[in-house]
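Peer 1: The structure under discussion is supplied below as structure tokens; questions concerning it will follow.
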Amino acid sequence: AAALPSWASLYSLLHLNGFPGDTTFYSGACTGASRILELGAGDGRVAEALCQTADIDYVGVELCEDFVAAASERLSSCARARVVLGDMLEVGLAGGEPFDAVLMTANTFFCTPNHEELLMRCREALRPGGRLLFDVYNAQDWHEEALHGPPEGLDGGEDAIDGDGHPPPSDGRRSGSEEEQESDVLVMAVDADGREWTVYERDPDVDANARTIRCTYDFEAASGERASQVNEHFYALPTDVEAMLSAAGFDVEAVHGGFGREPFDADESEHVVYTARRRD
């Protein structure tokens, strides 16, 4: 049997095309920026789009060696682009010429529990008036369901409401056994070796007290190979993120509910897209 793809290759299958409109948004939002830093550069998908639309100095910071190699190859024709191996909390932020824009795409902000520290590192990397741009998913519904249980009538079970008409108490977790969890097809993709994969996403395991979400993905190849991957995120709610931005020395310019710049709706928006500017 053929060897399974690397962890990085499997992860890339989840984000082959990103979110609809994300590269267009970031390219437009970076208009006029000559130096751009991206934290969590991944395989260079966003960087490639940025370099195709403007003549920029681009630096990407990435913790995964496989991604650094993939991104460097992808950007090989961009003379002023480089991707360095390192922790986004420690590498490439202090010293040197400041950046006009700092990007964190595809939920990178949730990859560390140290949100306040990360925002301070972003501020240090920016010139006065420079912009911070990032997107995360809206965790509000998952958080509320983990704390209070699903809204009445959504789960269809008789045990969802007690005799007094109230949902059962919750310990702040939303999870289930592998057999209990539902899986939905997330994406169908082809890897670098030409194998066709179907990727399924299970219901997330949410701990509202710890503010963590564990997402499990099951990969099935048409040729029979199978693999699973678990990614843990450390989420923050939209109002908390705005407060953290202000405390870190940023003015929030816009909070959008998608990459088409639609207004953010806490109950309806799947994404939260932030634009903030470093205060002088």
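Letters A, B, ... mark the chains of the structure tokens in the order given; residue numbers begin at 1 per chain; ligand numbers begin at 1, in order shown.
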For the alpha helix (DSSP H) assignment from backbone DSSP, which residues of range 13-171 of chain A qualify? Please present them as a VMD selection string.
Peer 2: chain A and resid 13 to 14 22 to 29 45 to 53 65 to 74 115 to 125 140 to 148
Peer 1: What's the 10 Å shell around Val84 in chain A, counting only C-alpha atoms, without same-chain residues fewer than 4 positions away, as a PyMOL selection string?
Peer 2: chain A and resi 41+59-65+68-69+71-72+91-92
Peer 1: What does the distance from CA of Ala81 in chain A to CA of Ser9 in chain A come to in Å, to one decimal?
Peer 2: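 If I compute the distance from CA of Ala81 in chain A to CA of Ser9 in chain A, I get 22.0 Å.
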Peer 1: Taking the chain letters and numbering used in this document, name the residues of range 31-167 of chain A that DSSP puts in strand (DSSP E or B), as a PyMOL selection string.
Peer 2: chain A and resi 35-39+57-62+81-85+99-104+126-137
Peer 1: I need the residue nearest Gly258 in chain A from this list: A:Pro150, A:Gly96, A:Gly28, A:Gly21. Use only C-alpha atoms for the distance.
Peer 2: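 Looking at the shortest contact to Gly258 in chain A, the residue is A:Gly21.
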Peer 1: Let me make sure I understand: among A:Val272, A:Ala47, A:Ile56, A:Ala254, which one has the smallest atom-to-atom distance to Pro238 in chain A if we use only C-alpha atoms?
Peer 2: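 Selected residue with least distance to Pro238 in chain A: A:Val272.
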Peer 1: Quick one: residues within 12 Å of Glu124 in chain A, only C-alpha atoms, excluding same-chain residues fewer than 4 positions away - as a count of residues only?
Peer 2: 30
Peer 1: Nearest to Asp267 in chain A among A:Ala33, A:Ala139, A:Cys78, A:Leu14, with distances taken over only C-alpha atoms: which residue is it?
Peer 2: A:Ala139
